[in-house]
Amino acid sequence: MSEVLTMGRVGIDLYPLQTGIPLHTVETFGRYLGGSPTNVAVAAARLGRTAAVITRTGDDPFGEFVRQALRGYGVDDRHLATVPGLPTPLTFCEIRPPEDFPLFFYRQPKPPDLEICPDELDLDAIANAQVFWTTLTGLSQEPSRQAHFAAWRARGRKPYTVLDLDYRPMFWPGPQAAAEQARKAVAQATVVVGNVDEIEVATGIREPRRAGEALLEAGVDLAIVKRGSAGVLAMTAQERVEVPAVPVGVVNGLGAGDAFGGALCHGLLSGWPLARAVRFANAAGAIVAGRLACAPAMPGAGEIDALLTTHAEEEAHV
């Protein structure tokens, strides 16, 4: 059984190798493994955790690339299957550091990762994973929505059942539909992670502390609100932790949240105090924000610890 089992979105990231210019003028692109829960599994594997992902690709060359890339990163691909007739999704990004990274998703007519069916799930693997990580995107269409709720029933809110809100408006018919599913999903999770916009979708509250309290009142054990340059707020019924942002020269901020997720899994499984786990995850995200790609950019523990040490020394001299 995997220590970290994720479920949902996968695809190919095609990121421009010329940055700071309009996408229509870019001539060359790098091809990388992508998809938020897939990247989380890669990040966890990079930190020495056994990791696997439940997902679907097209029966095409890009789907084969996904399978080979997973194996190359040390992620178990036994729960990956192909869906005939649907292409593996592509995602393009325009790189405009430090904070503007518009995404262009090619997931028509329907992404294979939303064709995961309840009767295809390995419920024993889901129930026994030490961390089960899902995203809100998986609830945007059927049969994936039913599959996620079947997976959560198999878990029975066992720690650590993580919901990454990962709200992408273009995947939903409207914000109300996303909010409705977010509230239902929160009730299945023991850990909820999201940025300020995503937490607002789930709770209707934008102020981070009040939103975190609303998640705890809904039954979540750990609520984590990522606040960008303001750092990270983590809350349990007994504890409030605020971790400042780690300064970094941003190249591409898109994979930072997934690096945060994989590192958070590592910290939780290590039994660390909450403050240490969140600082470690925050530093992992900062490292990836300073790199172009997502999956191949995921750092090892030594890199993260080195950045934390450097950051602590710099703060001590301020």
# chains A, B, ... in the order shown; residues from 1 in each chain; ligands from 1

$ select_by_dssp --residues "stretch 102-281 of chain A" --states "helix (DSSP H, G or I)" --output "count of residues only"
89

$ residues_around --residues "stretch 119-124 of chain A" --least-positions-apart "5" --cutoff "10 Å" --atoms "only C-alpha atoms" --output "PDB file with N, CA and C atoms, in the first residue's frame"
ATOM      1  N   MET A   1       0.828  -1.197   0.000  1.00  0.00           N
ATOM      2  CA  MET A   1       0.000   0.000   0.000  1.00  0.00           C
ATOM      3  C   MET A   1       0.869   1.256   0.000  1.00  0.00           C
ATOM      4  N   ILE A  54      -4.245   7.684  -8.825  1.00  0.00           N
ATOM      5  CA  ILE A  54      -5.399   7.120  -9.518  1.00  0.00           C
ATOM      6  C   ILE A  54      -5.807   8.121 -10.585  1.00  0.00           C
ATOM      7  N   HIS A  79      -2.581   2.259 -10.839  1.00  0.00           N
ATOM      8  CA  HIS A  79      -3.953   2.752 -10.856  1.00  0.00           C
ATOM      9  C   HIS A  79      -4.217   3.663 -12.055  1.00  0.00           C
ATOM     10  N   ALA A  81      -5.104   4.028 -15.987  1.00  0.00           N
ATOM     11  CA  ALA A  81      -5.684   3.289 -17.109  1.00  0.00           C
ATOM     12  C   ALA A  81      -5.956   4.268 -18.241  1.00  0.00           C
ATOM     13  N   ALA A 129      -4.258   3.650   2.395  1.00  0.00           N
ATOM     14  CA  ALA A 129      -3.205   4.647   2.179  1.00  0.00           C
ATOM     15  C   ALA A 129      -3.081   5.534   3.419  1.00  0.00           C
ATOM     16  N   GLN A 146     -18.949  10.722  -8.656  1.00  0.00           N
ATOM     17  CA  GLN A 146     -19.385   9.544  -7.909  1.00  0.00           C
ATOM     18  C   GLN A 146     -18.194   8.724  -7.412  1.00  0.00           C
ATOM     19  N   ALA A 147     -17.159   8.637  -8.226  1.00  0.00           N
ATOM     20  CA  ALA A 147     -15.975   7.861  -7.844  1.00  0.00           C
ATOM     21  C   ALA A 147     -15.307   8.472  -6.610  1.00  0.00           C
ATOM     22  N   HIS A 148     -15.247   9.793  -6.546  1.00  0.00           N
ATOM     23  CA  HIS A 148     -14.630  10.435  -5.383  1.00  0.00           C
ATOM     24  C   HIS A 148     -15.433  10.153  -4.111  1.00  0.00           C
ATOM     25  N   ALA A 150     -17.367   7.611  -3.584  1.00  0.00           N
ATOM     26  CA  ALA A 150     -17.173   6.194  -3.260  1.00  0.00           C
ATOM     27  C   ALA A 150     -15.843   5.993  -2.553  1.00  0.00           C
ATOM     28  N   ALA A 151     -14.816   6.701  -3.013  1.00  0.00           N
ATOM     29  CA  ALA A 151     -13.503   6.602  -2.370  1.00  0.00           C
ATOM     30  C   ALA A 151     -13.563   7.127  -0.944  1.00  0.00           C
ATOM     31  N   TRP A 152     -14.232   8.245  -0.729  1.00  0.00           N
ATOM     32  CA  TRP A 152     -14.332   8.806   0.618  1.00  0.00           C
ATOM     33  C   TRP A 152     -15.129   7.896   1.545  1.00  0.00           C
ATOM     34  N   ARG A 153     -16.156   7.237   1.014  1.00  0.00           N
ATOM     35  CA  ARG A 153     -16.895   6.289   1.861  1.00  0.00           C
ATOM     36  C   ARG A 153     -15.983   5.148   2.305  1.00  0.00           C
ATOM     37  N   ALA A 154     -15.122   4.708   1.406  1.00  0.00           N
ATOM     38  CA  ALA A 154     -14.175   3.640   1.767  1.00  0.00           C
ATOM     39  C   ALA A 154     -13.192   4.114   2.827  1.00  0.00           C
ATOM     40  N   ARG A 155     -12.833   5.381   2.810  1.00  0.00           N
ATOM     41  CA  ARG A 155     -11.916   5.939   3.801  1.00  0.00           C
ATOM     42  C   ARG A 155     -12.574   6.103   5.166  1.00  0.00           C
TER      43      ARG A 155
END

$ residues_around --residues "A:Leu215" --least-positions-apart "6" --cutoff "9 Å" --atoms "only C-alpha atoms" --output "PyMOL selection string"
chain A and resi 186+192+199+202-203+221-223

$ residues_around --residues "A:Ala259" --least-positions-apart "5" --cutoff "6 Å" --atoms "only C-alpha atoms" --output "PyMOL selection string"
chain A and resi 43+284-285

$ select_by_dssp --residues "stretch 30-209 of chain A" --states "strand (DSSP E)" --output "PyMOL selection string"
chain A and resi 30-34+51-58+75-76+80-83+90-93+103-106+131-135+161-164+191-195

$ write_last_selection --atoms "N, CA and C atoms" --output "short mmCIF file (atom, residue, chain, number, x, y, z; two decimals), in the first residue's frame"
data_model
loop_
_atom_site.label_atom_id
_atom_site.label_comp_id
_atom_site.auth_asym_id
_atom_site.auth_seq_id
_atom_site.Cartn_x
_atom_site.Cartn_y
_atom_site.Cartn_z
N GLY A 30 8.83 23.35 -23.56
CA GLY A 30 9.25 22.15 -22.84
C GLY A 30 8.04 21.30 -22.52
N ARG A 31 8.20 19.98 -22.58
CA ARG A 31 7.10 19.05 -22.30
C ARG A 31 7.34 18.40 -20.94
N TYR A 32 6.33 18.52 -20.06
CA TYR A 32 6.48 18.02 -18.69
C TYR A 32 5.21 17.31 -18.24
N LEU A 33 5.36 16.42 -17.30
CA LEU A 33 4.21 15.81 -16.63
C LEU A 33 3.48 16.88 -15.84
N GLY A 34 2.15 16.86 -15.85
CA GLY A 34 1.38 17.87 -15.14
C GLY A 34 0.10 17.32 -14.54
N ALA A 51 4.47 6.48 -3.35
CA ALA A 51 3.37 7.29 -3.86
C ALA A 51 2.77 6.65 -5.10
N ALA A 52 1.48 6.86 -5.27
CA ALA A 52 0.76 6.36 -6.43
C ALA A 52 -0.34 7.35 -6.77
N VAL A 53 -0.85 7.28 -7.99
CA VAL A 53 -1.92 8.18 -8.43
C VAL A 53 -2.99 7.38 -9.16
N ILE A 54 -4.24 7.68 -8.83
CA ILE A 54 -5.40 7.12 -9.52
C ILE A 54 -5.81 8.12 -10.58
N THR A 55 -5.66 7.76 -11.85
CA THR A 55 -5.98 8.71 -12.90
C THR A 55 -6.20 7.97 -14.21
N ARG A 56 -6.51 8.73 -15.26
CA ARG A 56 -6.76 8.18 -16.58
C ARG A 56 -6.12 9.09 -17.63
N THR A 57 -5.63 8.47 -18.71
CA THR A 57 -5.10 9.22 -19.85
C THR A 57 -5.79 8.71 -21.11
N GLY A 58 -5.50 9.37 -22.23
CA GLY A 58 -5.91 8.84 -23.50
C GLY A 58 -5.01 7.69 -23.91
N VAL A 75 6.81 7.01 -9.07
CA VAL A 75 5.41 6.98 -8.68
C VAL A 75 4.76 5.73 -9.27
N ASP A 76 4.07 4.97 -8.44
CA ASP A 76 3.40 3.74 -8.86
C ASP A 76 2.29 4.06 -9.86
N LEU A 80 -3.30 3.69 -12.99
CA LEU A 80 -3.50 4.48 -14.22
C LEU A 80 -4.07 3.57 -15.30
N ALA A 81 -5.10 4.03 -15.99
CA ALA A 81 -5.68 3.29 -17.11
C ALA A 81 -5.96 4.27 -18.24
N THR A 82 -6.18 3.73 -19.44
CA THR A 82 -6.45 4.56 -20.60
C THR A 82 -7.94 4.54 -20.93
N VAL A 83 -8.40 5.62 -21.55
CA VAL A 83 -9.79 5.77 -21.97
C VAL A 83 -9.80 5.94 -23.49
N LEU A 90 -3.72 18.61 -22.68
CA LEU A 90 -2.55 19.47 -22.77
C LEU A 90 -2.85 20.78 -22.05
N THR A 91 -1.82 21.35 -21.44
CA THR A 91 -1.95 22.64 -20.78
C THR A 91 -0.80 23.54 -21.20
N PHE A 92 -1.14 24.71 -21.70
CA PHE A 92 -0.14 25.72 -22.04
C PHE A 92 -0.17 26.82 -20.98
N CYS A 93 0.97 27.42 -20.74
CA CYS A 93 1.07 28.51 -19.78
C CYS A 93 1.87 29.65 -20.40
N LEU A 103 -3.20 30.25 -17.72
CA LEU A 103 -3.21 28.86 -18.19
C LEU A 103 -4.24 28.70 -19.29
N PHE A 104 -3.92 27.83 -20.23
CA PHE A 104 -4.82 27.50 -21.32
C PHE A 104 -4.94 25.98 -21.37
N PHE A 105 -6.11 25.49 -20.94
CA PHE A 105 -6.33 24.05 -20.84
C PHE A 105 -6.99 23.53 -22.11
N TYR A 106 -6.45 22.44 -22.62
CA TYR A 106 -7.05 21.73 -23.76
C TYR A 106 -7.52 20.38 -23.24
N VAL A 131 -1.97 8.62 3.43
CA VAL A 131 -2.53 9.90 2.98
C VAL A 131 -3.31 9.63 1.70
N PHE A 132 -4.56 10.10 1.66
CA PHE A 132 -5.36 10.04 0.43
C PHE A 132 -5.67 11.47 0.03
N TRP A 133 -5.15 11.88 -1.13
CA TRP A 133 -5.17 13.30 -1.55
C TRP A 133 -6.06 13.44 -2.79
N THR A 134 -7.09 14.29 -2.70
CA THR A 134 -7.98 14.55 -3.82
C THR A 134 -8.09 16.05 -4.05
N THR A 135 -8.68 16.43 -5.18
CA THR A 135 -8.88 17.85 -5.47
C THR A 135 -10.34 18.10 -5.85
N THR A 161 -7.10 12.26 5.25
CA THR A 161 -7.92 12.36 4.05
C THR A 161 -7.93 13.83 3.64
N VAL A 162 -7.18 14.14 2.60
CA VAL A 162 -6.89 15.54 2.26
C VAL A 162 -7.71 15.99 1.05
N LEU A 163 -8.31 17.15 1.17
CA LEU A 163 -8.97 17.81 0.05
C LEU A 163 -8.18 19.07 -0.30
N ASP A 164 -7.60 19.08 -1.49
CA ASP A 164 -6.96 20.28 -2.04
C ASP A 164 -8.02 20.97 -2.89
N VAL A 191 -8.35 17.00 6.34
CA VAL A 191 -7.42 18.09 6.07
C VAL A 191 -7.90 18.82 4.82
N VAL A 192 -7.99 20.14 4.88
CA VAL A 192 -8.37 20.94 3.71
C VAL A 192 -7.29 21.98 3.47
N VAL A 193 -6.87 22.07 2.20
CA VAL A 193 -5.80 22.99 1.79
C VAL A 193 -6.32 23.87 0.66
N GLY A 194 -6.05 25.17 0.72
CA GLY A 194 -6.44 26.04 -0.38
C GLY A 194 -5.89 27.43 -0.19
N ASN A 195 -5.89 28.21 -1.28
CA ASN A 195 -5.53 29.62 -1.16
C ASN A 195 -6.77 30.42 -0.76
#

$ residues_around --residues "A:Arg279" --least-positions-apart "4" --cutoff "10 Å" --atoms "only C-alpha atoms" --output "mmCIF file with N, CA and C atoms, in the first residue's frame"
data_model
loop_
_atom_site.group_PDB
_atom_site.id
_atom_site.type_symbol
_atom_site.label_atom_id
_atom_site.label_comp_id
_atom_site.auth_asym_id
_atom_site.auth_seq_id
_atom_site.Cartn_x
_atom_site.Cartn_y
_atom_site.Cartn_z
ATOM 1 N N GLY A 231 2.229 34.560 3.490
ATOM 2 C CA GLY A 231 2.584 33.305 4.135
ATOM 3 C C GLY A 231 1.414 32.352 4.255
ATOM 4 N N VAL A 232 1.504 31.423 5.195
ATOM 5 C CA VAL A 232 0.538 30.340 5.345
ATOM 6 C C VAL A 232 -0.024 30.344 6.754
ATOM 7 N N VAL A 241 -0.993 28.312 13.635
ATOM 8 C CA VAL A 241 0.389 28.504 13.198
ATOM 9 C C VAL A 241 0.392 29.430 11.997
ATOM 10 N N GLU A 242 1.197 30.479 12.049
ATOM 11 C CA GLU A 242 1.387 31.376 10.910
ATOM 12 C C GLU A 242 2.849 31.326 10.498
ATOM 13 N N VAL A 243 3.078 30.981 9.245
ATOM 14 C CA VAL A 243 4.431 30.836 8.710
ATOM 15 C C VAL A 243 4.633 31.883 7.618
ATOM 16 N N PRO A 244 5.658 32.721 7.719
ATOM 17 C CA PRO A 244 5.864 33.749 6.693
ATOM 18 C C PRO A 244 6.319 33.145 5.378
ATOM 19 N N ALA A 245 6.119 33.900 4.315
ATOM 20 C CA ALA A 245 6.584 33.461 2.998
ATOM 21 C C ALA A 245 8.099 33.421 2.962
ATOM 22 N N VAL A 246 8.634 32.527 2.141
ATOM 23 C CA VAL A 246 10.082 32.447 1.925
ATOM 24 C C VAL A 246 10.402 33.250 0.666
ATOM 25 N N PHE A 260 4.215 22.175 -2.223
ATOM 26 C CA PHE A 260 3.737 22.363 -0.849
ATOM 27 C C PHE A 260 2.980 21.114 -0.403
ATOM 28 N N ALA A 263 5.231 18.006 0.171
ATOM 29 C CA ALA A 263 6.046 18.203 1.365
ATOM 30 C C ALA A 263 5.193 18.173 2.625
ATOM 31 N N LEU A 264 3.967 18.675 2.545
ATOM 32 C CA LEU A 264 3.055 18.589 3.678
ATOM 33 C C LEU A 264 2.772 17.126 4.017
ATOM 34 N N GLY A 267 5.685 15.808 5.924
ATOM 35 C CA GLY A 267 5.739 16.307 7.291
ATOM 36 C C GLY A 267 4.703 15.652 8.191
ATOM 37 N N LEU A 274 3.171 20.815 13.897
ATOM 38 C CA LEU A 274 2.518 21.491 12.783
ATOM 39 C C LEU A 274 3.374 22.611 12.211
ATOM 40 N N ALA A 275 4.001 23.404 13.059
ATOM 41 C CA ALA A 275 4.809 24.527 12.571
ATOM 42 C C ALA A 275 5.952 24.036 11.698
ATOM 43 N N ALA A 283 8.673 26.075 2.221
ATOM 44 C CA ALA A 283 9.976 26.186 1.563
ATOM 45 C C ALA A 283 10.015 25.365 0.284
ATOM 46 N N ALA A 284 9.390 24.191 0.296
ATOM 47 C CA ALA A 284 9.324 23.382 -0.931
ATOM 48 C C ALA A 284 8.605 24.138 -2.038
ATOM 49 N N GLY A 285 7.510 24.792 -1.694
ATOM 50 C CA GLY A 285 6.785 25.581 -2.681
ATOM 51 C C GLY A 285 7.615 26.726 -3.222
ATOM 52 N N ILE A 304 15.400 21.451 0.615
ATOM 53 C CA ILE A 304 14.432 22.190 1.432
ATOM 54 C C ILE A 304 15.063 22.602 2.752
ATOM 55 N N ASP A 305 15.751 21.678 3.393
ATOM 56 C CA ASP A 305 16.397 22.004 4.670
ATOM 57 C C ASP A 305 17.444 23.108 4.494
ATOM 58 N N LEU A 308 15.679 26.427 4.261
ATOM 59 C CA LEU A 308 15.184 26.831 5.579
ATOM 60 C C LEU A 308 16.311 27.367 6.447
#

$ closest_residue --among "A:Pro143, A:Leu86, A:Ser229, A:Gly261" --to "A:Thr6" --atoms "only C-alpha atoms"
A:Gly261

$ atom_distance --atom1 "atom CA of A:Ser270" --atom2 "atom CA of A:Arg46"
14.8 Å

$ closest_residue --among "A:Ile21, A:Val288, A:Ile126, A:Ala177" --to "A:Met7" --atoms "only C-alpha atoms"
A:Ile126

$ decode --residues "stretch 217-264 of chain A" --atoms "N, CA and C atoms" --output "PDB file, in the first residue's frame"
ATOM      1  N   GLU A 217     -15.185  24.107  12.113  1.00  0.00           N
ATOM      2  CA  GLU A 217     -16.562  23.899  12.564  1.00  0.00           C
ATOM      3  C   GLU A 217     -17.287  22.869  11.705  1.00  0.00           C
ATOM      4  N   ALA A 218     -16.853  22.742  10.442  1.00  0.00           N
ATOM      5  CA  ALA A 218     -17.455  21.746   9.538  1.00  0.00           C
ATOM      6  C   ALA A 218     -16.917  20.340   9.785  1.00  0.00           C
ATOM      7  N   GLY A 219     -15.963  20.200  10.712  1.00  0.00           N
ATOM      8  CA  GLY A 219     -15.467  18.881  11.071  1.00  0.00           C
ATOM      9  C   GLY A 219     -14.071  18.558  10.612  1.00  0.00           C
ATOM     10  N   VAL A 220     -13.413  19.519   9.936  1.00  0.00           N
ATOM     11  CA  VAL A 220     -12.044  19.306   9.464  1.00  0.00           C
ATOM     12  C   VAL A 220     -11.077  19.351  10.656  1.00  0.00           C
ATOM     13  N   ASP A 221     -10.093  18.483  10.662  1.00  0.00           N
ATOM     14  CA  ASP A 221      -9.095  18.472  11.743  1.00  0.00           C
ATOM     15  C   ASP A 221      -8.001  19.512  11.540  1.00  0.00           C
ATOM     16  N   LEU A 222      -7.634  19.754  10.274  1.00  0.00           N
ATOM     17  CA  LEU A 222      -6.559  20.686   9.950  1.00  0.00           C
ATOM     18  C   LEU A 222      -6.960  21.507   8.732  1.00  0.00           C
ATOM     19  N   ALA A 223      -6.977  22.825   8.885  1.00  0.00           N
ATOM     20  CA  ALA A 223      -7.276  23.744   7.788  1.00  0.00           C
ATOM     21  C   ALA A 223      -6.031  24.553   7.472  1.00  0.00           C
ATOM     22  N   ILE A 224      -5.662  24.587   6.205  1.00  0.00           N
ATOM     23  CA  ILE A 224      -4.464  25.308   5.781  1.00  0.00           C
ATOM     24  C   ILE A 224      -4.858  26.320   4.708  1.00  0.00           C
ATOM     25  N   VAL A 225      -4.573  27.591   4.989  1.00  0.00           N
ATOM     26  CA  VAL A 225      -4.886  28.677   4.065  1.00  0.00           C
ATOM     27  C   VAL A 225      -3.578  29.282   3.572  1.00  0.00           C
ATOM     28  N   LYS A 226      -3.351  29.169   2.264  1.00  0.00           N
ATOM     29  CA  LYS A 226      -2.151  29.759   1.651  1.00  0.00           C
ATOM     30  C   LYS A 226      -2.471  31.197   1.235  1.00  0.00           C
ATOM     31  N   ARG A 227      -1.643  32.127   1.720  1.00  0.00           N
ATOM     32  CA  ARG A 227      -1.948  33.557   1.549  1.00  0.00           C
ATOM     33  C   ARG A 227      -0.923  34.279   0.688  1.00  0.00           C
ATOM     34  N   GLY A 228      -0.223  33.542  -0.179  1.00  0.00           N
ATOM     35  CA  GLY A 228       0.732  34.177  -1.075  1.00  0.00           C
ATOM     36  C   GLY A 228       1.871  34.823  -0.314  1.00  0.00           C
ATOM     37  N   SER A 229       2.125  36.096  -0.599  1.00  0.00           N
ATOM     38  CA  SER A 229       3.240  36.802   0.028  1.00  0.00           C
ATOM     39  C   SER A 229       3.036  37.000   1.528  1.00  0.00           C
ATOM     40  N   ALA A 230       1.803  36.781   2.019  1.00  0.00           N
ATOM     41  CA  ALA A 230       1.536  36.894   3.457  1.00  0.00           C
ATOM     42  C   ALA A 230       1.829  35.600   4.196  1.00  0.00           C
ATOM     43  N   GLY A 231       2.229  34.560   3.490  1.00  0.00           N
ATOM     44  CA  GLY A 231       2.584  33.305   4.135  1.00  0.00           C
ATOM     45  C   GLY A 231       1.414  32.352   4.255  1.00  0.00           C
ATOM     46  N   VAL A 232       1.504  31.423   5.195  1.00  0.00           N
ATOM     47  CA  VAL A 232       0.538  30.340   5.345  1.00  0.00           C
ATOM     48  C   VAL A 232      -0.024  30.344   6.754  1.00  0.00           C
ATOM     49  N   LEU A 233      -1.341  30.140   6.846  1.00  0.00           N
ATOM     50  CA  LEU A 233      -2.027  29.982   8.119  1.00  0.00           C
ATOM     51  C   LEU A 233      -2.499  28.540   8.228  1.00  0.00           C
ATOM     52  N   ALA A 234      -2.132  27.851   9.314  1.00  0.00           N
ATOM     53  CA  ALA A 234      -2.578  26.485   9.566  1.00  0.00           C
ATOM     54  C   ALA A 234      -3.300  26.462  10.901  1.00  0.00           C
ATOM     55  N   MET A 235      -4.451  25.787  10.940  1.00  0.00           N
ATOM     56  CA  MET A 235      -5.291  25.816  12.125  1.00  0.00           C
ATOM     57  C   MET A 235      -5.812  24.430  12.461  1.00  0.00           C
ATOM     58  N   THR A 236      -5.755  24.085  13.736  1.00  0.00           N
ATOM     59  CA  THR A 236      -6.472  22.945  14.284  1.00  0.00           C
ATOM     60  C   THR A 236      -7.331  23.472  15.428  1.00  0.00           C
ATOM     61  N   ALA A 237      -8.068  22.600  16.072  1.00  0.00           N
ATOM     62  CA  ALA A 237      -8.892  23.038  17.200  1.00  0.00           C
ATOM     63  C   ALA A 237      -8.047  23.551  18.348  1.00  0.00           C
ATOM     64  N   GLN A 238      -6.791  23.082  18.435  1.00  0.00           N
ATOM     65  CA  GLN A 238      -5.926  23.440  19.559  1.00  0.00           C
ATOM     66  C   GLN A 238      -4.823  24.417  19.205  1.00  0.00           C
ATOM     67  N   GLU A 239      -4.587  24.651  17.915  1.00  0.00           N
ATOM     68  CA  GLU A 239      -3.350  25.341  17.531  1.00  0.00           C
ATOM     69  C   GLU A 239      -3.572  26.253  16.333  1.00  0.00           C
ATOM     70  N   ARG A 240      -2.868  27.379  16.346  1.00  0.00           N
ATOM     71  CA  ARG A 240      -2.829  28.300  15.211  1.00  0.00           C
ATOM     72  C   ARG A 240      -1.369  28.551  14.877  1.00  0.00           C
ATOM     73  N   VAL A 241      -0.993  28.312  13.635  1.00  0.00           N
ATOM     74  CA  VAL A 241       0.389  28.504  13.198  1.00  0.00           C
ATOM     75  C   VAL A 241       0.392  29.430  11.997  1.00  0.00           C
ATOM     76  N   GLU A 242       1.197  30.479  12.049  1.00  0.00           N
ATOM     77  CA  GLU A 242       1.387  31.376  10.910  1.00  0.00           C
ATOM     78  C   GLU A 242       2.849  31.326  10.498  1.00  0.00           C
ATOM     79  N   VAL A 243       3.078  30.981   9.245  1.00  0.00           N
ATOM     80  CA  VAL A 243       4.431  30.836   8.710  1.00  0.00           C
ATOM     81  C   VAL A 243       4.633  31.883   7.618  1.00  0.00           C
ATOM     82  N   PRO A 244       5.658  32.721   7.719  1.00  0.00           N
ATOM     83  CA  PRO A 244       5.864  33.749   6.693  1.00  0.00           C
ATOM     84  C   PRO A 244       6.319  33.145   5.378  1.00  0.00           C
ATOM     85  N   ALA A 245       6.119  33.900   4.315  1.00  0.00           N
ATOM     86  CA  ALA A 245       6.584  33.461   2.998  1.00  0.00           C
ATOM     87  C   ALA A 245       8.099  33.421   2.962  1.00  0.00           C
ATOM     88  N   VAL A 246       8.634  32.527   2.141  1.00  0.00           N
ATOM     89  CA  VAL A 246      10.082  32.447   1.925  1.00  0.00           C
ATOM     90  C   VAL A 246      10.402  33.250   0.666  1.00  0.00           C
ATOM     91  N   PRO A 247      11.211  34.316   0.758  1.00  0.00           N
ATOM     92  CA  PRO A 247      11.515  35.126  -0.422  1.00  0.00           C
ATOM     93  C   PRO A 247      12.207  34.291  -1.503  1.00  0.00           C
ATOM     94  N   VAL A 248      11.785  34.470  -2.743  1.00  0.00           N
ATOM     95  CA  VAL A 248      12.374  33.727  -3.850  1.00  0.00           C
ATOM     96  C   VAL A 248      12.158  34.518  -5.132  1.00  0.00           C
ATOM     97  N   GLY A 249      13.093  34.393  -6.057  1.00  0.00           N
ATOM     98  CA  GLY A 249      12.903  34.983  -7.370  1.00  0.00           C
ATOM     99  C   GLY A 249      11.978  34.103  -8.192  1.00  0.00           C
ATOM    100  N   VAL A 250      10.756  34.551  -8.407  1.00  0.00           N
ATOM    101  CA  VAL A 250       9.739  33.713  -9.039  1.00  0.00           C
ATOM    102  C   VAL A 250       9.997  33.588 -10.541  1.00  0.00           C
ATOM    103  N   VAL A 251       9.999  32.341 -11.007  1.00  0.00           N
ATOM    104  CA  VAL A 251      10.065  32.048 -12.438  1.00  0.00           C
ATOM    105  C   VAL A 251       8.700  31.598 -12.937  1.00  0.00           C
ATOM    106  N   ASN A 252       8.100  30.634 -12.222  1.00  0.00           N
ATOM    107  CA  ASN A 252       6.787  30.117 -12.574  1.00  0.00           C
ATOM    108  C   ASN A 252       6.129  29.618 -11.288  1.00  0.00           C
ATOM    109  N   GLY A 253       5.085  30.291 -10.861  1.00  0.00           N
ATOM    110  CA  GLY A 253       4.459  29.953  -9.579  1.00  0.00           C
ATOM    111  C   GLY A 253       3.491  28.791  -9.621  1.00  0.00           C
ATOM    112  N   LEU A 254       3.304  28.160 -10.787  1.00  0.00           N
ATOM    113  CA  LEU A 254       2.206  27.207 -10.927  1.00  0.00           C
ATOM    114  C   LEU A 254       2.410  25.908 -10.154  1.00  0.00           C
ATOM    115  N   GLY A 255       3.617  25.423 -10.016  1.00  0.00           N
ATOM    116  CA  GLY A 255       3.836  24.153  -9.336  1.00  0.00           C
ATOM    117  C   GLY A 255       4.082  24.281  -7.846  1.00  0.00           C
ATOM    118  N   ALA A 256       4.106  25.517  -7.344  1.00  0.00           N
ATOM    119  CA  ALA A 256       4.467  25.728  -5.944  1.00  0.00           C
ATOM    120  C   ALA A 256       3.481  25.051  -4.993  1.00  0.00           C
ATOM    121  N   GLY A 257       2.193  25.146  -5.301  1.00  0.00           N
ATOM    122  CA  GLY A 257       1.190  24.545  -4.434  1.00  0.00           C
ATOM    123  C   GLY A 257       1.289  23.033  -4.378  1.00  0.00           C
ATOM    124  N   ASP A 258       1.674  22.411  -5.488  1.00  0.00           N
ATOM    125  CA  ASP A 258       1.809  20.958  -5.520  1.00  0.00           C
ATOM    126  C   ASP A 258       3.046  20.513  -4.741  1.00  0.00           C
ATOM    127  N   ALA A 259       4.126  21.284  -4.846  1.00  0.00           N
ATOM    128  CA  ALA A 259       5.310  21.004  -4.031  1.00  0.00           C
ATOM    129  C   ALA A 259       4.975  21.143  -2.554  1.00  0.00           C
ATOM    130  N   PHE A 260       4.215  22.175  -2.223  1.00  0.00           N
ATOM    131  CA  PHE A 260       3.737  22.363  -0.849  1.00  0.00           C
ATOM    132  C   PHE A 260       2.980  21.114  -0.403  1.00  0.00           C
ATOM    133  N   GLY A 261       2.104  20.605  -1.272  1.00  0.00           N
ATOM    134  CA  GLY A 261       1.285  19.455  -0.915  1.00  0.00           C
ATOM    135  C   GLY A 261       2.097  18.206  -0.649  1.00  0.00           C
ATOM    136  N   GLY A 262       3.032  17.896  -1.539  1.00  0.00           N
ATOM    137  CA  GLY A 262       3.854  16.711  -1.342  1.00  0.00           C
ATOM    138  C   GLY A 262       4.702  16.809  -0.089  1.00  0.00           C
ATOM    139  N   ALA A 263       5.231  18.006   0.171  1.00  0.00           N
ATOM    140  CA  ALA A 263       6.046  18.203   1.365  1.00  0.00           C
ATOM    141  C   ALA A 263       5.193  18.173   2.625  1.00  0.00           C
ATOM    142  N   LEU A 264       3.967  18.675   2.545  1.00  0.00           N
ATOM    143  CA  LEU A 264       3.055  18.589   3.678  1.00  0.00           C
ATOM    144  C   LEU A 264       2.772  17.126   4.017  1.00  0.00           C
TER     145      LEU A 264
END
